[in-house]
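Chemist: My structure is in run_14.cif, and what it holds is mmCIF, C-alpha atoms:
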```cif
data_data
#
loop_
_atom_site.label_atom_id
_atom_site.label_comp_id
_atom_site.auth_asym_id
_atom_site.auth_seq_id
_atom_site.Cartn_x
_atom_site.Cartn_y
_atom_site.Cartn_z
CA MET B 1 138.64 10.66 -59.76
CA ARG B 2 137.21 12.77 -56.97
CA SER B 3 139.63 14.32 -54.50
CA LEU B 4 138.46 13.27 -51.04
CA LYS B 5 139.93 14.56 -47.81
CA THR B 6 138.93 13.87 -44.21
CA VAL B 7 138.97 16.94 -41.97
CA PRO B 8 137.98 17.55 -38.32
CA SER B 9 134.43 18.83 -37.97
CA GLY B 10 135.80 22.10 -36.56
CA ASP B 11 137.58 22.82 -39.85
CA VAL B 12 134.49 22.52 -42.04
CA ARG B 13 133.35 25.74 -43.77
CA LEU B 14 130.53 26.86 -46.04
CA GLY B 15 131.03 25.87 -49.67
CA MET B 16 132.51 22.46 -48.90
CA PHE B 17 130.89 19.48 -50.56
CA ILE B 18 130.28 16.91 -47.83
CA HIS B 19 130.93 13.41 -49.16
CA GLY B 20 130.42 11.44 -45.95
CA PHE B 21 131.27 10.97 -42.30
CA GLU B 22 133.65 8.78 -40.40
CA GLY B 23 132.08 6.14 -38.18
CA SER B 24 128.43 5.09 -38.18
CA TRP B 25 126.02 7.05 -40.36
CA TRP B 26 123.65 6.80 -37.42
CA GLU B 27 125.72 9.18 -35.34
CA HIS B 28 125.84 12.12 -37.73
CA PRO B 29 123.15 14.82 -37.55
CA PHE B 30 121.90 14.76 -41.15
CA TRP B 31 119.47 12.83 -43.29
CA ARG B 32 121.66 12.76 -46.41
CA THR B 33 125.36 12.04 -46.42
CA ARG B 34 126.37 13.98 -49.57
CA PHE B 35 125.51 17.63 -50.09
CA LEU B 36 126.90 21.10 -50.71
CA LEU B 37 127.17 22.93 -47.39
CA THR B 38 125.42 26.28 -47.90
CA GLU B 39 123.49 26.99 -44.70
CA PRO B 40 124.96 28.39 -41.46
CA GLN B 41 122.64 26.24 -39.35
CA ASP B 42 123.96 23.12 -41.08
CA LEU B 43 127.49 24.33 -40.45
CA GLN B 44 126.70 24.65 -36.74
CA LYS B 45 125.34 21.09 -36.68
CA LEU B 46 128.54 19.85 -38.31
CA ARG B 47 130.71 21.73 -35.82
CA ARG B 48 128.95 19.83 -33.01
CA PHE B 49 129.60 16.47 -34.70
CA ARG B 50 132.42 14.58 -33.00
CA GLY B 51 134.14 12.83 -35.84
CA GLY B 52 135.87 13.25 -39.15
CA VAL B 53 134.04 14.76 -42.11
CA ILE B 54 134.89 13.53 -45.61
CA VAL B 55 135.03 16.46 -48.04
CA ASP B 56 135.05 16.26 -51.85
CA LEU B 57 137.49 19.05 -52.78
CA ALA B 58 136.71 18.84 -56.50
CA ARG B 59 133.02 19.58 -55.92
CA SER B 60 133.52 22.23 -53.21
CA GLN B 61 133.03 25.95 -53.88
CA PRO B 62 134.48 29.11 -52.38
CA ALA B 63 132.41 30.27 -49.41
CA ASP B 64 131.86 33.74 -50.94
CA SER B 65 130.46 32.26 -54.17
CA VAL B 66 127.96 30.20 -52.20
CA ALA B 67 126.87 33.23 -50.18
CA GLY B 68 126.52 35.29 -53.38
CA THR B 69 124.47 32.64 -55.15
CA LEU B 70 121.92 32.19 -52.40
CA GLY B 71 120.56 35.41 -50.99
CA ALA B 72 119.29 35.93 -47.47
CA GLY B 73 116.09 34.04 -46.85
CA GLU B 74 116.70 31.78 -49.84
CA ALA B 75 119.61 29.74 -48.53
CA GLY B 76 118.45 26.25 -47.89
CA HIS B 77 115.20 26.50 -49.84
CA ARG B 78 116.86 25.88 -53.18
CA GLU B 79 119.13 23.31 -51.60
CA SER B 80 116.40 21.65 -49.52
CA ASN B 81 116.35 18.58 -51.70
CA ALA B 82 120.12 18.24 -51.55
CA THR B 83 120.75 18.88 -47.88
CA THR B 84 120.53 16.18 -45.32
CA THR B 85 117.60 17.17 -43.14
CA LEU B 86 114.42 15.26 -43.88
CA PRO B 87 112.03 17.49 -45.82
CA PRO B 88 108.52 17.88 -44.39
CA ALA B 89 105.89 15.67 -45.93
CA ARG B 90 104.02 17.52 -48.63
CA SER B 91 100.27 17.77 -48.70
CA ARG B 92 98.95 15.49 -51.39
CA THR B 93 96.72 16.90 -54.06
CA THR B 94 94.25 15.18 -56.29
CA SER B 95 94.78 17.23 -59.44
CA ARG B 96 94.71 15.07 -62.55
CA PRO B 97 98.15 14.92 -64.13
CA ASP B 98 98.78 14.33 -67.80
CA PRO B 99 98.81 10.59 -68.76
CA ALA B 100 102.42 10.98 -69.89
CA ASP B 101 103.29 12.31 -66.43
CA LEU B 102 101.57 9.33 -64.83
CA GLN B 103 103.58 6.98 -67.01
CA ALA B 104 106.80 8.76 -66.11
CA GLN B 105 105.93 8.62 -62.41
CA GLN B 106 105.24 4.90 -62.66
CA ALA B 107 108.55 4.34 -64.42
CA GLU B 108 110.44 6.33 -61.78
CA ALA B 109 108.74 4.42 -58.97
CA ALA B 110 109.60 1.13 -60.68
CA ARG B 111 113.24 2.23 -60.93
CA VAL B 112 113.42 3.04 -57.23
CA VAL B 113 111.73 -0.22 -56.28
CA GLY B 114 114.06 -2.20 -58.55
CA GLU B 115 117.11 -0.67 -56.91
CA ALA B 116 115.55 -1.23 -53.49
CA LEU B 117 115.00 -4.90 -54.29
CA ASP B 118 118.70 -5.33 -55.07
CA THR B 119 119.74 -3.45 -51.93
CA VAL B 120 117.50 -5.43 -49.57
CA ARG B 121 118.43 -8.76 -51.17
CA GLY B 122 122.10 -7.88 -50.75
CA THR B 123 121.51 -6.77 -47.16
CA PHE B 124 119.79 -10.05 -46.27
CA ASP B 125 122.66 -11.94 -47.88
CA ASP B 126 125.14 -9.92 -45.82
CA VAL B 127 123.28 -10.79 -42.63
CA ARG B 128 123.05 -14.45 -43.60
CA LEU B 129 126.81 -14.60 -44.18
CA GLY B 130 127.75 -12.62 -41.11
CA ARG B 131 129.00 -9.57 -43.01
CA ALA B 132 128.44 -6.00 -41.84
CA ILE B 133 125.39 -4.27 -43.32
CA SER B 134 126.24 -1.62 -45.93
CA GLN B 135 125.12 1.45 -44.03
CA GLU B 136 125.56 3.81 -46.99
CA LYS B 137 123.29 1.70 -49.22
CA ILE B 138 120.62 1.46 -46.54
CA THR B 139 120.80 5.20 -45.89
CA THR B 140 120.46 5.99 -49.59
CA LEU B 141 117.53 3.60 -49.95
CA VAL B 142 115.54 5.06 -47.03
CA ASN B 143 116.28 8.55 -48.37
CA ASP B 144 115.09 7.64 -51.88
CA ILE B 145 111.89 6.19 -50.46
CA ALA B 146 111.23 9.37 -48.46
CA ALA B 147 111.77 11.47 -51.60
CA GLN B 148 109.40 9.26 -53.60
CA LEU B 149 106.75 9.62 -50.91
CA ASP B 150 106.94 13.38 -51.36
CA SER B 151 106.65 13.41 -55.13
CA ASN B 152 105.20 10.10 -56.21
CA ALA B 153 103.49 8.26 -53.34
CA PRO B 154 100.55 6.65 -55.24
CA ALA B 155 102.79 5.23 -57.99
CA LEU B 156 105.31 3.94 -55.44
CA LEU B 157 102.64 2.14 -53.42
CA ARG B 158 101.14 0.61 -56.57
CA VAL B 159 104.48 -0.76 -57.73
CA LEU B 160 105.23 -2.20 -54.30
CA GLN B 161 102.03 -4.27 -54.44
CA LEU B 162 103.33 -6.14 -57.52
CA LYS B 163 105.40 -8.83 -55.83
CA SER B 164 106.23 -12.25 -57.24
CA LYS B 165 106.52 -15.10 -54.76
CA HIS B 166 110.30 -15.09 -55.20
CA GLN B 167 110.53 -11.36 -54.47
CA TYR B 168 107.97 -11.19 -51.70
CA THR B 169 110.18 -11.20 -48.60
CA TYR B 170 112.48 -8.51 -50.03
CA LEU B 171 109.85 -6.20 -51.52
CA HIS B 172 107.65 -6.67 -48.46
CA SER B 173 110.55 -5.22 -46.45
CA VAL B 174 110.76 -2.24 -48.82
CA ALA B 175 107.00 -1.72 -48.58
CA VAL B 176 107.02 -1.84 -44.78
CA CYS B 177 109.89 0.67 -44.78
CA THR B 178 107.82 2.96 -47.02
CA LEU B 179 104.73 2.67 -44.83
CA MET B 180 106.75 3.22 -41.65
CA VAL B 181 108.34 6.40 -43.03
CA ASN B 182 104.95 7.65 -44.20
CA LEU B 183 103.30 6.98 -40.84
CA ALA B 184 106.21 8.43 -38.84
CA ARG B 185 106.10 11.64 -40.84
CA HIS B 186 102.33 11.83 -40.42
CA LEU B 187 102.88 11.57 -36.66
CA GLU B 188 105.41 14.44 -37.00
CA LEU B 189 108.24 12.50 -35.40
CA GLU B 190 111.76 13.88 -35.49
CA ASP B 191 113.94 13.18 -38.53
CA GLU B 192 116.27 10.86 -36.65
CA ARG B 193 113.36 8.75 -35.47
CA VAL B 194 111.84 8.67 -38.96
CA ARG B 195 115.13 7.40 -40.30
CA ALA B 196 115.30 4.72 -37.58
CA LEU B 197 111.75 3.58 -38.32
CA GLY B 198 112.49 3.32 -42.04
CA LEU B 199 115.51 1.17 -41.29
CA ALA B 200 113.40 -0.93 -38.92
CA GLY B 201 110.90 -1.57 -41.70
CA LEU B 202 113.67 -2.74 -44.03
CA LEU B 203 115.06 -5.17 -41.47
CA HIS B 204 111.96 -6.35 -39.59
CA ASP B 205 111.84 -9.74 -41.36
CA VAL B 206 115.59 -10.37 -41.61
CA GLY B 207 115.18 -13.46 -39.41
CA LYS B 208 113.46 -15.21 -42.30
CA VAL B 209 116.84 -15.74 -43.97
CA ALA B 210 117.06 -19.00 -41.99
CA ILE B 211 113.64 -20.32 -43.09
CA PRO B 212 113.49 -22.48 -46.27
CA ASP B 213 111.68 -20.92 -49.24
CA ALA B 214 109.55 -24.06 -49.45
CA VAL B 215 108.00 -23.09 -46.12
CA LEU B 216 107.71 -19.36 -46.79
CA ASP B 217 106.08 -19.92 -50.21
CA LYS B 218 103.96 -22.95 -49.32
CA PRO B 219 100.54 -22.62 -51.01
CA GLY B 220 98.67 -24.73 -48.47
CA ARG B 221 98.20 -24.55 -44.72
CA LEU B 222 101.41 -24.85 -42.72
CA LEU B 223 101.95 -27.90 -40.54
CA PRO B 224 102.36 -27.22 -36.79
CA GLU B 225 106.12 -27.77 -37.00
CA GLU B 226 106.35 -25.42 -40.01
CA MET B 227 104.36 -22.75 -38.17
CA ALA B 228 106.67 -23.11 -35.18
CA LEU B 229 109.66 -22.62 -37.49
CA VAL B 230 108.17 -19.44 -38.98
CA ARG B 231 107.54 -18.08 -35.50
CA THR B 232 111.26 -18.16 -34.73
CA HIS B 233 112.05 -15.35 -37.17
CA PRO B 234 111.57 -12.36 -34.80
CA GLU B 235 114.03 -13.66 -32.21
CA ASP B 236 116.45 -14.99 -34.84
CA GLY B 237 116.37 -11.64 -36.62
CA ALA B 238 116.98 -9.67 -33.44
CA THR B 239 119.94 -11.91 -32.62
CA LEU B 240 121.45 -11.27 -36.06
CA LEU B 241 120.94 -7.51 -35.84
CA ARG B 242 122.53 -7.28 -32.40
CA GLU B 243 125.77 -8.49 -33.96
CA ASP B 244 126.05 -5.19 -35.86
CA PRO B 245 126.74 -2.33 -33.42
CA ALA B 246 125.64 0.25 -36.02
CA ILE B 247 122.03 -0.99 -35.98
CA PRO B 248 119.91 1.19 -33.64
CA GLU B 249 118.04 -0.48 -30.79
CA LEU B 250 114.75 0.78 -32.22
CA ALA B 251 115.21 -1.40 -35.33
CA ILE B 252 115.97 -4.44 -33.18
CA GLU B 253 112.85 -3.71 -31.12
CA VAL B 254 110.62 -3.69 -34.23
CA CYS B 255 112.23 -6.87 -35.55
CA LEU B 256 111.63 -8.66 -32.25
CA HIS B 257 108.10 -7.48 -31.45
CA HIS B 258 106.25 -6.73 -34.70
CA HIS B 259 104.10 -9.86 -34.18
CA GLU B 260 102.94 -8.90 -30.69
CA ARG B 261 99.24 -8.05 -30.35
CA TRP B 262 97.49 -5.40 -28.30
CA ASP B 263 95.52 -8.06 -26.36
CA GLY B 264 98.61 -10.12 -25.49
CA THR B 265 97.97 -13.04 -27.86
CA GLY B 266 100.93 -12.38 -30.17
CA TYR B 267 104.48 -13.71 -30.10
CA PRO B 268 107.27 -14.21 -29.13
CA HIS B 269 106.72 -12.69 -25.65
CA ARG B 270 102.92 -12.26 -25.45
CA MET B 271 103.30 -8.58 -24.59
CA ALA B 272 100.11 -6.51 -24.31
CA GLY B 273 98.98 -2.91 -24.61
CA GLU B 274 101.58 -0.27 -23.93
CA GLU B 275 104.11 -2.93 -22.95
CA ILE B 276 104.61 -3.02 -26.72
CA SER B 277 106.66 -0.03 -27.82
CA LEU B 278 105.23 2.52 -30.25
CA PRO B 279 107.73 1.50 -32.99
CA ALA B 280 106.73 -2.16 -32.65
CA ARG B 281 103.02 -1.25 -32.77
CA MET B 282 103.70 0.79 -35.92
CA GLY B 283 105.61 -2.14 -37.40
CA ALA B 284 102.75 -4.53 -36.68
CA ILE B 285 100.26 -2.34 -38.55
CA CYS B 286 102.51 -1.69 -41.55
CA ASP B 287 103.52 -5.36 -41.76
CA VAL B 288 99.95 -6.68 -41.77
CA TYR B 289 98.63 -4.03 -44.16
CA ASP B 290 101.25 -4.83 -46.79
CA ALA B 291 100.76 -8.58 -46.33
CA LEU B 292 97.01 -8.25 -46.88
CA THR B 293 97.36 -6.07 -49.97
CA SER B 294 99.95 -8.39 -51.61
CA HIS B 295 99.44 -11.53 -53.66
CA ARG B 296 100.74 -14.57 -51.79
CA ALA B 297 101.00 -18.26 -52.61
CA TYR B 298 97.98 -18.93 -50.38
CA LYS B 299 95.75 -15.90 -51.08
CA ARG B 300 94.97 -13.15 -53.54
CA ALA B 301 95.64 -9.53 -52.64
CA TRP B 302 92.89 -7.58 -50.95
CA THR B 303 92.15 -4.01 -51.96
CA PRO B 304 93.51 -1.37 -49.56
CA THR B 305 90.06 -0.48 -48.24
CA ARG B 306 89.18 -4.16 -47.80
CA ALA B 307 92.41 -4.70 -45.85
CA LEU B 308 91.72 -1.69 -43.62
CA SER B 309 88.15 -2.89 -43.03
CA GLU B 310 89.36 -6.26 -41.84
CA MET B 311 92.14 -4.82 -39.69
CA TRP B 312 89.70 -2.42 -38.05
CA SER B 313 87.37 -5.31 -37.21
CA TRP B 314 90.03 -7.45 -35.51
CA ASP B 315 89.31 -6.72 -31.87
CA GLY B 316 92.46 -6.74 -29.76
CA HIS B 317 94.93 -7.11 -32.62
CA PHE B 318 96.17 -3.52 -32.98
CA ASP B 319 96.41 -0.26 -31.08
CA GLN B 320 93.24 1.16 -32.65
CA PRO B 321 93.97 4.90 -32.29
CA LEU B 322 97.33 4.25 -33.97
CA LEU B 323 95.63 2.21 -36.70
CA PHE B 324 93.32 5.16 -37.32
CA GLU B 325 96.35 7.45 -37.69
CA PHE B 326 97.77 4.95 -40.17
CA MET B 327 94.57 5.33 -42.20
CA ARG B 328 94.90 9.10 -42.04
CA SER B 329 98.50 8.83 -43.25
CA LEU B 330 97.25 6.97 -46.34
CA GLN B 331 94.08 9.05 -46.66
CA LEU B 332 92.17 5.77 -46.97
CA TYR B 333 89.31 4.62 -44.74
CA PRO B 334 87.20 1.45 -44.76
CA PRO B 335 83.59 1.75 -45.95
CA GLY B 336 81.28 1.71 -42.97
CA MET B 337 83.63 3.52 -40.57
CA LEU B 338 81.96 6.15 -38.40
CA VAL B 339 84.12 9.29 -38.47
CA ARG B 340 84.17 12.75 -36.93
CA LEU B 341 84.84 15.75 -39.16
CA ALA B 342 86.60 19.03 -38.46
CA SER B 343 83.18 20.70 -38.90
CA ASP B 344 81.94 18.76 -35.83
CA ARG B 345 79.73 16.52 -37.90
CA LEU B 346 79.51 12.72 -38.02
CA ALA B 347 79.64 10.74 -41.24
CA ILE B 348 79.89 7.21 -42.57
CA VAL B 349 82.68 6.39 -45.02
CA LEU B 350 81.29 5.22 -48.36
CA ASP B 351 82.91 3.09 -51.04
CA ASN B 352 84.98 5.48 -53.13
CA GLY B 353 84.61 3.43 -56.32
CA ARG B 354 87.61 3.64 -58.61
CA ARG B 355 88.88 6.93 -57.22
CA ALA B 356 91.41 5.98 -54.56
CA SER B 357 92.43 9.64 -54.29
CA ARG B 358 89.18 10.81 -52.74
CA THR B 359 87.01 9.98 -49.74
CA ARG B 360 83.21 9.85 -50.02
CA LEU B 361 81.17 10.39 -46.87
CA HIS B 362 77.53 10.08 -45.87
CA VAL B 363 77.05 13.02 -43.48
CA PHE B 364 74.11 12.59 -41.10
CA TYR B 365 74.61 14.18 -37.66
CA SER B 366 75.83 17.44 -36.07
CA LEU B 367 77.69 17.03 -32.78
CA ALA B 368 77.73 20.77 -32.15
CA GLU B 369 73.95 21.07 -32.51
CA ALA B 370 73.14 17.58 -31.17
CA ARG B 371 70.71 16.93 -33.99
CA ALA B 372 70.31 14.80 -37.06
CA LEU B 373 71.11 16.44 -40.39
CA PRO B 374 69.46 15.87 -43.76
CA PRO B 375 71.70 13.07 -45.07
CA HIS B 376 73.93 14.05 -47.96
CA VAL B 377 77.12 12.87 -49.64
CA LEU B 378 80.35 14.83 -49.07
CA VAL B 379 83.39 14.17 -51.25
CA LEU B 380 86.78 15.09 -49.79
CA ASP B 381 88.67 15.80 -52.99
CA GLY B 382 91.20 18.29 -54.27
CA PRO B 383 94.06 20.13 -52.57
CA GLU B 384 91.74 22.03 -50.21
CA PRO B 385 88.75 19.81 -49.40
CA GLU B 386 85.62 21.27 -47.85
CA ASP B 387 86.13 19.32 -44.61
CA ALA B 388 88.54 16.81 -43.05
CA ILE B 389 88.38 13.60 -41.04
CA ILE B 390 89.89 14.15 -37.59
CA GLY B 391 88.65 11.21 -35.51
CA TYR B 392 86.41 8.18 -35.24
CA GLU B 393 83.40 7.34 -33.07
CA ARG B 394 81.67 4.25 -31.70
CA GLU B 395 78.12 3.53 -32.80
CA GLU B 396 76.87 3.30 -29.21
CA ALA B 397 77.86 6.95 -28.66
CA VAL B 398 75.54 8.25 -31.39
CA PRO B 399 71.86 8.81 -30.52
CA VAL B 400 70.53 8.19 -34.05
CA PRO B 401 70.50 5.06 -36.25
CA ILE B 402 73.70 4.39 -38.20
CA PRO B 403 73.43 3.58 -41.93
CA ALA B 404 74.61 0.02 -42.62
CA LEU B 405 76.85 -1.07 -45.49
CA ASP B 406 77.34 -4.52 -46.96
CA LEU B 407 81.10 -5.05 -46.77
CA GLY B 408 81.05 -8.43 -48.52
CA PRO B 409 82.13 -11.90 -47.36
CA HIS B 410 85.23 -12.46 -45.26
CA GLU B 411 88.18 -14.41 -46.61
CA LEU B 412 90.20 -16.88 -44.55
CA LEU B 413 93.97 -16.86 -44.78
CA ALA B 414 95.48 -20.34 -44.86
CA ASN B 415 98.88 -19.34 -43.50
CA SER B 416 97.88 -16.32 -41.47
CA GLU B 417 100.84 -15.16 -39.41
CA LEU B 418 99.20 -11.79 -38.97
#
```
Is it possible to give me this structure as structure tokens?

Modeler:
Amino acid sequence: MRSLKTVPSGDVRLGMFIHGFEGSWWEHPFWRTRFLLTEPQDLQKLRRFRGGVIVDLARSQPADSVAGTLGAGEAGHRESNATTTLPPARSRTTSRPDPADLQAQQAEAARVVGEALDTVRGTFDDVRLGRAISQEKITTLVNDIAAQLDSNAPALLRVLQLKSKHQYTYLHSVAVCTLMVNLARHLELEDERVRALGLAGLLHDVGKVAIPDAVLDKPGRLLPEEMALVRTHPEDGATLLREDPAIPELAIEVCLHHHERWDGTGYPHRMAGEEISLPARMGAICDVYDALTSHRAYKRAWTPTRALSEMWSWDGHFDQPLLFEFMRSLQLYPPGMLVRLASDRLAIVLDNGRRASRTRLHVFYSLAEARALPPHVLVLDGPEPEDAIIGYEREEAVPVPIPALDLGPHELLANSEL
């Protein structure tokens, strides 16, 4: 059995193995809760923490042995995956791994998702029964998702799309958490805010615990009274979350307002534009994207590019500049989008075929030279692509004809709560 001891933060020293913190995990200054303390800057953060620190004496090391193991300039780099600060998002590459590696990545992603399913189901049950949410489990889950995004993002997103109707509400919450963390890190938000947004994604639909499965999984169009019942879940969820003082206000905000729309036609409060907080606008995008790319009782899943095409076409639904940043965070763009490149050229996004890891562009105009270019296809592929997408443009702003693409027929969603 481990030997645990709670000490004042002022008594913590290098070499101690930190097992946890007294009070809410939200108040401590680290991403992880369990790690070997090796870095002076982490020690300073701990000294500023007002609360007890739980130390595992059996796993602690003498301070001099820690200093001798990690030389100057190396401390923290070797421990970066074990310390509690959120690691920076890694640049994704498109090198082709060995098939055995792909299989192993898929298996690891499935393991994480399976554990996440159990955690979220248990969390929803806790909320339903009025019990306190297990903060340690939620912290560990958000942390595992962030780590998977670094090392295994494509496999994780593929596994999350495989939802049965009985798992949908829970795995949808895990998927929205994943997308929120990914988008927050793309926007270079601070670690604490990234953590809050991940938690918000996990809990955004917690109000659905009061809605019968027969309504949530209904294959046909909802009756008006059933639709009204579904629309109660943001306010019901926010009420439930407010009962737990450890839940940050940001998570309650996303739960309450992730169905608001930029043009003011959403619910429950018909907020519009920047009245809707940035976290809620992020939640709206991540929520709809995962819903569209998942199989439901009333529709088949759309491909990611099809979903993004439709979302981009819905005038007034989303904060469009933020939606574009969401696309950049996934490195996926809808065919037909007019984009601006770092080279100051304009291009049209083409269908990328079966290669979801690359972007194909039809380059046709130079903004710098204000002239049409001989049209050619540019593929953004590999760890250091020739160019990069940095913005989008409106057709009316371009003085030359825009190539048109057939994006296929539109599907109607019977139970659209998007």

Chemist: Need the axis-aligned box for segment 396-402 of chain B with 8 Å each side, so what are the centre and edges in Å to one decimal, as AutoDock Vina command-line options?

Modeler:
```
--center_x 74.2 --center_y 6.1 --center_z -33.4 --size_x 23.4 --size_y 21.5 --size_z 25.5
```

Chemist: Could you tell me how far atom CA of Pro8 of chain B sits from atom CA of Val53 of chain B, in Å to one decimal place?

Modeler: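 Going from atom CA of Val53 of chain B over to atom CA of Pro8 of chain B covers 6.1 Å.
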
Chemist: For Gly283 of chain B, which of B:Arg328, B:Arg195, B:His204, B:Arg59 is the closest residue, counting only C-alpha atoms?

Modeler: B:His204

Chemist: Of the candidates B:Phe49, B:Trp262, B:Phe17, B:Tyr392, which shows the shortest atom-to-atom distance to Asp319 of chain B, using all atoms listed in the file?

Modeler: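 Using all atoms listed in the file, the shortest distance to Asp319 of chain B belongs to B:Trp262.
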
Chemist: Taking all atoms listed in the file into account, name the residue in B:Ala132, B:Ala307, B:Leu330, B:Ala109 that is nearest to Leu160 of chain B.

Modeler: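 Checking each candidate against Leu160 of chain B, we get B:Ala109 as the closest.
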
Chemist: Atom CA of Gly15 of chain B and atom CA of Ala63 of chain B are how many Å apart?

Modeler: 4.6 Å

Chemist: In terms of the shortest atom-to-atom distance over all atoms listed in the file, which of B:Leu240, B:Val12, B:Leu202, B:Met180 is closest to Ile54 of chain B?

Modeler: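 With all atoms listed in the file as the atom set, the closest residue is B:Val12.
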
Chemist: Starting from the displayed file, determine the output of the PyMOL selection byres ((chain B and resi 230-237) around 12) and express the residue list as a PyMOL selection string.

Modeler: chain B and resi 124+127-128+200+202-218+222-229+238-244+251-260+266-269+280+284+415-418

Chemist: Atom CA of Gly114 of chain B and atom CA of Val55 of chain B are how many Å apart?

Modeler: 30.0 Å

Chemist: Once the PyMOL selection byres ((chain B and resi 108) around 12) has been evaluated on this model, what residues remain selected, and can you format them as an MDAnalysis selection string?

Modeler: chainID B and resid 101:107 109:115 144:145 147:149 151:156 159

Chemist: Can those selected residues be exported to a file as an mmCIF file, in the coordinates of the input so that it contains C-alpha atoms?

Modeler:
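Heads up, here's the output in result_15.cif:
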```cif
data_model
loop_
_atom_site.group_PDB
_atom_site.id
_atom_site.type_symbol
_atom_site.label_atom_id
_atom_site.label_comp_id
_atom_site.auth_asym_id
_atom_site.auth_seq_id
_atom_site.Cartn_x
_atom_site.Cartn_y
_atom_site.Cartn_z
ATOM 1 C CA ASP B 101 103.290 12.310 -66.430
ATOM 2 C CA LEU B 102 101.570 9.330 -64.830
ATOM 3 C CA GLN B 103 103.580 6.980 -67.010
ATOM 4 C CA ALA B 104 106.800 8.760 -66.110
ATOM 5 C CA GLN B 105 105.930 8.620 -62.410
ATOM 6 C CA GLN B 106 105.240 4.900 -62.660
ATOM 7 C CA ALA B 107 108.550 4.340 -64.420
ATOM 8 C CA ALA B 109 108.740 4.420 -58.970
ATOM 9 C CA ALA B 110 109.600 1.130 -60.680
ATOM 10 C CA ARG B 111 113.240 2.230 -60.930
ATOM 11 C CA VAL B 112 113.420 3.040 -57.230
ATOM 12 C CA VAL B 113 111.730 -0.220 -56.280
ATOM 13 C CA GLY B 114 114.060 -2.200 -58.550
ATOM 14 C CA GLU B 115 117.110 -0.670 -56.910
ATOM 15 C CA ASP B 144 115.090 7.640 -51.880
ATOM 16 C CA ILE B 145 111.890 6.190 -50.460
ATOM 17 C CA ALA B 147 111.770 11.470 -51.600
ATOM 18 C CA GLN B 148 109.400 9.260 -53.600
ATOM 19 C CA LEU B 149 106.750 9.620 -50.910
ATOM 20 C CA SER B 151 106.650 13.410 -55.130
ATOM 21 C CA ASN B 152 105.200 10.100 -56.210
ATOM 22 C CA ALA B 153 103.490 8.260 -53.340
ATOM 23 C CA PRO B 154 100.550 6.650 -55.240
ATOM 24 C CA ALA B 155 102.790 5.230 -57.990
ATOM 25 C CA LEU B 156 105.310 3.940 -55.440
ATOM 26 C CA VAL B 159 104.480 -0.760 -57.730
#
```

Chemist: Considering all atoms listed in the file, state which residue in the set B:Leu338, B:Gln331, B:Pro40, B:Asp351 is at the smallest distance from Asp381 of chain B.

Modeler: B:Gln331

Chemist: Care to translate the PyMOL selection byres ((chain B and resi 117) around 8) into actual residues of this file, as a list in words?

Modeler: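 This file, filtered by the PyMOL selection byres ((chain B and resi 117) around 8), leaves Val113, Gly114, Glu115, Ala116, Asp118, Thr119, Val120, Arg121, Gln167, Tyr170, Leu171 and Val174 of chain B.
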
Chemist: Within 9 Å of (95.2, 1.6, -38.4), in the coordinates the file gives, what residues turn up when you count all atoms listed in the file, written out as a PDB file with C-alpha atoms, in the coordinates of the input?

Modeler:
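Final output, point_15.pdb:
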```
ATOM      1  CA  MET B 282     103.700   0.790 -35.920  1.00  0.00           C
ATOM      2  CA  ILE B 285     100.260  -2.340 -38.550  1.00  0.00           C
ATOM      3  CA  CYS B 286     102.510  -1.690 -41.550  1.00  0.00           C
ATOM      4  CA  TYR B 289      98.630  -4.030 -44.160  1.00  0.00           C
ATOM      5  CA  LEU B 308      91.720  -1.690 -43.620  1.00  0.00           C
ATOM      6  CA  MET B 311      92.140  -4.820 -39.690  1.00  0.00           C
ATOM      7  CA  TRP B 312      89.700  -2.420 -38.050  1.00  0.00           C
ATOM      8  CA  PHE B 318      96.170  -3.520 -32.980  1.00  0.00           C
ATOM      9  CA  ASP B 319      96.410  -0.260 -31.080  1.00  0.00           C
ATOM     10  CA  GLN B 320      93.240   1.160 -32.650  1.00  0.00           C
ATOM     11  CA  PRO B 321      93.970   4.900 -32.290  1.00  0.00           C
ATOM     12  CA  LEU B 322      97.330   4.250 -33.970  1.00  0.00           C
ATOM     13  CA  LEU B 323      95.630   2.210 -36.700  1.00  0.00           C
ATOM     14  CA  PHE B 324      93.320   5.160 -37.320  1.00  0.00           C
ATOM     15  CA  GLU B 325      96.350   7.450 -37.690  1.00  0.00           C
ATOM     16  CA  PHE B 326      97.770   4.950 -40.170  1.00  0.00           C
ATOM     17  CA  MET B 327      94.570   5.330 -42.200  1.00  0.00           C
ATOM     18  CA  ARG B 328      94.900   9.100 -42.040  1.00  0.00           C
TER      19      ARG B 328
END
```

Chemist: With all atoms listed in the file as the counted atoms, please give the residues lying no more than 10 Å from Ser366 of chain B, apart from itself and same-chain residues fewer than 2 positions off, as a list in words.

Modeler: Arg340, Leu341, Ser343, Asp344, Arg345, Leu346, Ala347, Val363, Phe364, Ala368, Glu369, Ala370, Arg371, Ala372 and Leu373 of chain B
